[in-house]
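S.K.: Following this line is model.csv, made up of CSV, C-alpha atoms:
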```csv
chain,number,residue,atom,x,y,z
A,1,MET,CA,-4.5,-24.0,-4.2
A,2,ASN,CA,-4.3,-21.4,-6.9
A,3,THR,CA,-3.9,-18.0,-5.3
A,4,SER,CA,-3.8,-15.9,-8.5
A,5,ILE,CA,-6.4,-13.3,-9.1
A,6,SER,CA,-8.0,-11.9,-12.3
A,7,LEU,CA,-6.4,-9.0,-14.2
A,8,ARG,CA,-9.6,-6.9,-13.6
A,9,ARG,CA,-9.2,-7.3,-9.8
A,10,ALA,CA,-5.4,-6.8,-10.1
A,11,TRP,CA,-5.6,-3.4,-12.0
A,12,GLY,CA,-4.2,-1.7,-8.9
A,13,LEU,CA,-1.1,-3.9,-8.9
A,14,VAL,CA,-0.6,-3.3,-12.6
A,15,LEU,CA,-1.1,0.4,-12.2
A,16,ALA,CA,1.4,0.6,-9.3
A,17,ALA,CA,4.0,-1.4,-11.2
A,18,THR,CA,3.5,0.7,-14.4
A,19,LEU,CA,3.8,4.0,-12.6
A,20,THR,CA,6.9,2.8,-10.7
A,21,LEU,CA,8.6,1.7,-14.0
A,22,MET,CA,7.6,5.0,-15.5
A,23,VAL,CA,9.5,6.9,-12.8
A,24,THR,CA,12.6,4.7,-12.7
A,25,MET,CA,13.0,4.4,-16.4
A,26,GLY,CA,12.0,8.1,-17.0
A,27,ILE,CA,14.7,9.3,-14.6
A,28,ARG,CA,17.3,6.9,-15.9
A,29,GLN,CA,16.7,7.6,-19.6
A,30,SER,CA,16.8,11.4,-19.0
A,31,LEU,CA,20.3,11.5,-17.5
A,32,GLY,CA,21.9,12.2,-20.9
A,33,LEU,CA,20.3,15.7,-20.8
A,34,PHE,CA,22.5,16.5,-17.8
A,35,VAL,CA,25.8,15.8,-19.5
A,36,GLN,CA,26.4,19.2,-21.1
A,37,PRO,CA,25.1,21.3,-18.2
A,38,ILE,CA,27.3,19.4,-15.7
A,39,HIS,CA,30.3,19.8,-18.1
A,40,THR,CA,29.6,23.6,-18.3
A,41,ASP,CA,29.0,24.1,-14.6
A,42,THR,CA,31.7,21.9,-13.1
A,43,GLY,CA,34.5,21.8,-15.7
A,44,LEU,CA,34.4,18.0,-15.8
A,45,SER,CA,35.1,16.7,-19.2
A,46,ILE,CA,32.5,14.9,-21.3
A,47,VAL,CA,34.6,11.8,-21.0
A,48,GLN,CA,34.5,11.9,-17.2
A,49,ILE,CA,30.8,12.4,-17.1
A,50,SER,CA,30.2,9.8,-19.7
A,51,PHE,CA,32.3,7.3,-17.7
A,52,ALA,CA,30.0,7.8,-14.7
A,53,LEU,CA,27.0,7.1,-16.9
A,54,ALA,CA,28.7,4.0,-18.4
A,55,ILE,CA,29.2,2.7,-14.9
A,56,ALA,CA,25.5,3.3,-14.4
A,57,GLN,CA,24.6,1.1,-17.3
A,58,LEU,CA,26.7,-1.7,-15.9
A,59,VAL,CA,25.4,-1.4,-12.4
A,60,TRP,CA,21.8,-1.1,-13.6
A,61,GLY,CA,22.2,-4.5,-15.4
A,62,ILE,CA,23.9,-6.2,-12.5
A,63,ALA,CA,21.4,-4.9,-10.0
A,64,GLN,CA,18.3,-6.4,-11.6
A,65,PRO,CA,19.0,-10.1,-11.0
A,66,VAL,CA,20.4,-9.3,-7.5
A,67,PHE,CA,17.3,-7.4,-6.4
A,68,GLY,CA,15.2,-10.0,-8.2
A,69,MET,CA,16.6,-12.7,-5.9
A,70,TRP,CA,16.0,-10.5,-2.9
A,71,ALA,CA,12.4,-9.9,-4.0
A,72,ASP,CA,11.8,-13.6,-4.3
A,73,LYS,CA,13.0,-14.1,-0.7
A,74,ARG,CA,11.7,-11.0,1.1
A,75,GLY,CA,8.9,-9.8,-1.2
A,76,PRO,CA,9.1,-7.0,-3.8
A,77,GLY,CA,7.7,-4.3,-1.5
A,78,ARG,CA,10.9,-4.0,0.5
A,79,VAL,CA,13.1,-4.1,-2.6
A,80,LEU,CA,11.1,-1.3,-4.3
A,81,VAL,CA,11.3,0.9,-1.2
A,82,PHE,CA,15.1,0.3,-0.7
A,83,GLY,CA,15.7,0.8,-4.4
A,84,GLY,CA,13.6,4.0,-4.4
A,85,LEU,CA,15.6,5.4,-1.5
A,86,LEU,CA,18.9,4.6,-3.4
A,87,LEU,CA,17.6,6.4,-6.4
A,88,VAL,CA,16.5,9.4,-4.3
A,89,VAL,CA,19.9,9.6,-2.5
A,90,GLY,CA,21.8,9.2,-5.8
A,91,MET,CA,20.0,12.0,-7.5
A,92,ALA,CA,20.0,14.3,-4.5
A,93,LEU,CA,23.7,14.0,-3.8
A,94,ALA,CA,24.9,14.4,-7.4
A,95,PRO,CA,24.9,18.2,-7.3
A,96,LEU,CA,26.8,18.1,-4.1
A,97,LEU,CA,29.5,15.6,-5.1
A,98,THR,CA,30.6,17.0,-8.5
A,99,SER,CA,34.0,15.4,-8.8
A,100,SER,CA,34.5,12.6,-11.3
A,101,TRP,CA,34.3,9.9,-8.7
A,102,GLY,CA,31.5,11.7,-6.9
A,103,LEU,CA,29.4,11.3,-10.0
A,104,VAL,CA,30.4,7.6,-10.3
A,105,LEU,CA,29.2,7.1,-6.8
A,106,THR,CA,25.9,9.0,-7.1
A,107,LEU,CA,24.8,8.5,-10.7
A,108,GLY,CA,26.9,5.4,-11.5
A,109,VAL,CA,26.3,3.3,-8.4
A,110,LEU,CA,23.5,4.6,-6.1
A,111,GLY,CA,21.1,6.0,-8.7
A,112,ALA,CA,21.6,3.1,-11.1
A,113,ALA,CA,21.2,0.4,-8.5
A,114,GLY,CA,18.0,2.1,-7.3
A,115,ALA,CA,16.7,2.2,-10.8
A,116,GLY,CA,17.6,-1.5,-11.3
A,117,ALA,CA,15.7,-2.4,-8.2
A,118,GLY,CA,12.6,-0.8,-9.7
A,119,SER,CA,13.0,-2.2,-13.1
A,120,PHE,CA,11.3,-4.8,-15.3
A,121,SER,CA,12.4,-8.0,-13.5
A,122,VAL,CA,11.1,-7.1,-10.1
A,123,LEU,CA,8.0,-5.3,-11.2
A,124,ILE,CA,6.8,-7.8,-13.8
A,125,GLY,CA,7.6,-10.6,-11.5
A,126,ALA,CA,5.7,-9.1,-8.6
A,127,VAL,CA,2.6,-8.8,-10.7
A,128,ALA,CA,2.9,-12.1,-12.6
A,129,GLN,CA,3.0,-14.0,-9.3
A,130,ARG,CA,-0.4,-12.6,-8.4
A,131,ILE,CA,-2.4,-13.1,-11.6
A,132,SER,CA,-3.4,-16.0,-13.7
A,133,GLU,CA,-1.0,-17.3,-16.4
A,134,ARG,CA,-3.2,-16.4,-19.4
A,135,GLU,CA,-3.3,-12.7,-18.3
A,136,ARG,CA,0.4,-12.2,-17.6
A,137,SER,CA,1.3,-11.2,-21.2
A,138,MET,CA,-1.2,-8.4,-21.1
A,139,ALA,CA,0.0,-7.2,-17.7
A,140,ALA,CA,3.7,-7.3,-18.8
A,141,GLY,CA,2.8,-5.3,-21.9
A,142,VAL,CA,1.1,-2.6,-19.9
A,143,ILE,CA,4.0,-2.4,-17.4
A,144,ASN,CA,6.6,-2.2,-20.2
A,145,ALA,CA,4.6,0.6,-21.8
A,146,GLY,CA,5.0,2.5,-18.6
A,147,GLY,CA,8.8,2.5,-19.0
A,148,SER,CA,8.4,4.0,-22.6
A,149,PHE,CA,6.0,6.6,-21.4
A,150,GLY,CA,8.4,7.5,-18.6
A,151,GLN,CA,11.0,8.6,-21.1
A,152,PHE,CA,8.4,10.5,-23.1
A,153,LEU,CA,7.3,12.3,-19.9
A,154,PHE,CA,10.5,12.9,-18.0
A,155,ALA,CA,12.8,14.1,-20.8
A,156,PRO,CA,10.9,17.3,-21.5
A,157,PHE,CA,10.3,17.8,-17.8
A,158,ALA,CA,14.0,17.4,-17.0
A,159,GLN,CA,14.9,19.7,-19.8
A,160,ALA,CA,12.4,22.4,-18.7
A,161,VAL,CA,13.8,22.4,-15.1
A,162,ILE,CA,17.4,22.5,-16.3
A,163,SER,CA,16.7,25.4,-18.6
A,164,ALA,CA,14.8,27.3,-15.9
A,165,ALA,CA,16.8,26.6,-12.8
A,166,GLY,CA,20.0,24.7,-13.7
A,167,TRP,CA,21.0,21.0,-13.7
A,168,ALA,CA,21.2,20.8,-9.8
A,169,ALA,CA,17.5,21.8,-9.6
A,170,GLY,CA,16.8,19.2,-12.3
A,171,MET,CA,18.5,16.5,-10.2
A,172,TRP,CA,16.6,17.5,-7.1
A,173,ALA,CA,13.4,17.4,-9.1
A,174,MET,CA,14.2,13.9,-10.1
A,175,ALA,CA,14.9,13.0,-6.5
A,176,ALA,CA,11.6,14.5,-5.3
A,177,THR,CA,9.7,12.5,-8.0
A,178,ALA,CA,11.4,9.3,-7.0
A,179,LEU,CA,10.6,10.0,-3.3
A,180,ALA,CA,6.9,10.7,-4.2
A,181,ALA,CA,6.7,7.3,-6.0
A,182,LEU,CA,7.7,5.3,-2.9
A,183,PRO,CA,4.1,4.6,-1.8
A,184,LEU,CA,3.6,2.7,-5.0
A,185,ALA,CA,5.4,-0.2,-3.4
A,186,TRP,CA,2.6,-0.7,-0.9
A,187,PRO,CA,0.2,-2.6,-3.2
A,188,LEU,CA,3.1,-4.9,-4.3
A,189,ARG,CA,4.2,-5.9,-0.8
A,190,GLY,CA,4.2,-9.4,0.4
A,191,ARG,CA,5.0,-12.7,-1.2
A,192,LYS,CA,2.8,-14.8,-3.4
A,193,GLN,CA,3.4,-18.4,-4.5
A,194,ALA,CA,0.9,-18.5,-7.4
A,195,ALA,CA,3.5,-18.6,-10.0
A,196,ILE,CA,5.4,-21.4,-8.2
A,197,THR,CA,2.2,-23.4,-7.7
A,198,GLU,CA,1.3,-23.3,-11.4
A,199,LEU,CA,4.9,-24.1,-12.4
A,200,SER,CA,5.0,-27.0,-10.0
A,201,THR,CA,2.2,-28.7,-11.9
A,202,GLN,CA,4.3,-28.8,-15.1
A,203,ILE,CA,7.8,-29.6,-13.8
A,204,GLU,CA,9.3,-30.8,-10.5
A,205,VAL,CA,9.7,-27.5,-8.7
A,206,THR,CA,9.6,-26.9,-5.0
A,207,PRO,CA,9.2,-23.5,-3.3
A,208,GLY,CA,12.4,-22.2,-1.7
A,209,MET,CA,14.8,-23.9,-4.1
A,210,THR,CA,18.2,-22.2,-4.7
A,211,LEU,CA,19.1,-20.0,-7.7
A,212,SER,CA,21.4,-22.7,-9.0
A,213,GLN,CA,18.6,-25.2,-9.0
A,214,GLN,CA,16.3,-22.7,-10.8
A,215,LEU,CA,19.0,-22.0,-13.4
A,216,ARG,CA,19.5,-25.7,-14.1
A,217,ILE,CA,15.8,-26.1,-14.7
A,218,ALA,CA,15.8,-23.1,-17.0
A,219,PHE,CA,18.7,-24.2,-19.1
A,220,ARG,CA,17.0,-27.5,-19.7
A,221,ASP,CA,14.2,-25.6,-21.4
A,222,ARG,CA,15.0,-25.0,-25.1
A,223,SER,CA,12.8,-21.9,-25.2
A,224,TYR,CA,14.9,-20.3,-22.4
```
Could you render the structure from this file as structure tokens?

M.R.:
Amino acid sequence: MNTSISLRRAWGLVLAATLTLMVTMGIRQSLGLFVQPIHTDTGLSIVQISFALAIAQLVWGIAQPVFGMWADKRGPGRVLVFGGLLLVVGMALAPLLTSSWGLVLTLGVLGAAGAGAGSFSVLIGAVAQRISERERSMAAGVINAGGSFGQFLFAPFAQAVISAAGWAAGMWAMAATALAALPLAWPLRGRKQAAITELSTQIEVTPGMTLSQQLRIAFRDRSY
């Protein structure tokens, strides 16, 4: 039975995913504004701070497939809440752990992993599994636009807070924003098998198959 719903009825899901990506990408893409203030305030070198942000890039990339697999098994709602809390903790602790390795832990690991949990793969997957195949491209485009808008919105916001109250206040403002975004996970809770059902009509796919089985099917597809 097809459990997908129309995009018009799913506007709440798309909006929740869009706003979530706006927050996670907005925060992540604004961290470069903190480099010089952290350097000035703590005495850490630009290299040390940049190293923490480089680790963040790596962790963000690794976190997405890991949290994507978790979302497939447990539902995206739990993943988004857990990732949001990681992002909150990472941003909130950064002004308190101002050593080189403290920034690696807070910005490079905790914050980046949290942003990865609320990134494209989990959010677009959560919505795509609930709407019909012909409407997924439109939904994915809208959600992606949220990430771009997040950078447009958060960069001047972060810069204004840093200029007015310092980089620590800027980090705490980012943490508060991420915390306020946690309720957006509620509409995306639960697990839907619509996407699996539609895919099963085209190739031999069974719900609950392992990641290795999914990858073997994917690599047999030339478009992938």

S.K.: Pick the closest to Pro76 in chain A from A:Trp186, A:Phe152, A:Phe219, A:Phe157: which is it, counting all atoms listed in the file?

M.R.: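 Closest candidate: A:Trp186.
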
S.K.: Of the candidates A:Ala126, A:Ala176, A:Ala56, A:Ala117, which shows the shortest atom-to-atom distance to Asp72 in chain A, using only C-alpha atoms?

M.R.: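 Between A:Ala126, A:Ala176, A:Ala56, A:Ala117, the residue approaching Asp72 in chain A most closely is A:Ala126.
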
S.K.: In terms of the shortest atom-to-atom distance over only C-alpha atoms, which of A:Ala52, A:Val104, A:Ala158, A:Ala185 is closest to Gly83 in chain A?

M.R.: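 Nearest candidate to Gly83 in chain A out of A:Ala52, A:Val104, A:Ala158, A:Ala185: A:Ala185.
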
S.K.: Return the single residue from A:Thr40, A:Ser100, A:Thr177, A:Gln159 that is closest to Thr20 in chain A, with distances computed using only C-alpha atoms.

M.R.: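 Closest to Thr20 in chain A of all the choices is A:Thr177.
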
S.K.: Give me the residues within 12 Å of Met138 in chain A as JSON, numbers by chain, counting only C-alpha atoms and dropping any in the same chain fewer than 2 places off.

M.R.: {"A": [6, 7, 8, 10, 11, 14, 124, 127, 128, 131, 132, 133, 134, 135, 136, 140, 141, 142, 143, 144, 145]}

S.K.: So what do you get for CA of Ala94 in chain A versus CA of Phe67 in chain A, distance-wise?

M.R.: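 Atom-to-atom, CA of Ala94 in chain A and CA of Phe67 in chain A are spaced 23.1 Å apart.
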
S.K.: Name the closest residue to Arg74 in chain A among the candidates A:Gly43, A:Gly61, A:Leu21, A:Leu188; distances are taken between atoms, counting all atoms listed in the file.

M.R.: A:Leu188

S.K.: Using CA of Ile162 in chain A and CA of Leu105 in chain A as the two end points, give the distance in Å to one decimal.

M.R.: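 The value is 21.6 Å.
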
S.K.: Would you work out the distance separating CA of Ala54 in chain A from CA of Ala169 in chain A, expressed in Å to one decimal?

M.R.: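 We find that CA of Ala54 in chain A and CA of Ala169 in chain A lie 22.8 Å from each other.
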
S.K.: Considering all atoms listed in the file, state which residue in the set A:Val59, A:Met91, A:Val47, A:Ala71 is at the smallest distance from Gln129 in chain A.

M.R.: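 Checking each of A:Val59, A:Met91, A:Val47, A:Ala71 against Gln129 in chain A, counting all atoms listed in the file, the winner is A:Ala71.
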
S.K.: Write out as a ChimeraX atom specification each polymer residue whose atoms come within 8 Å of Ala181 in chain A, counting all atoms listed in the file; drop sequence neighbours fewer than 5 positions from it.

M.R.: /A:19-20,23,84
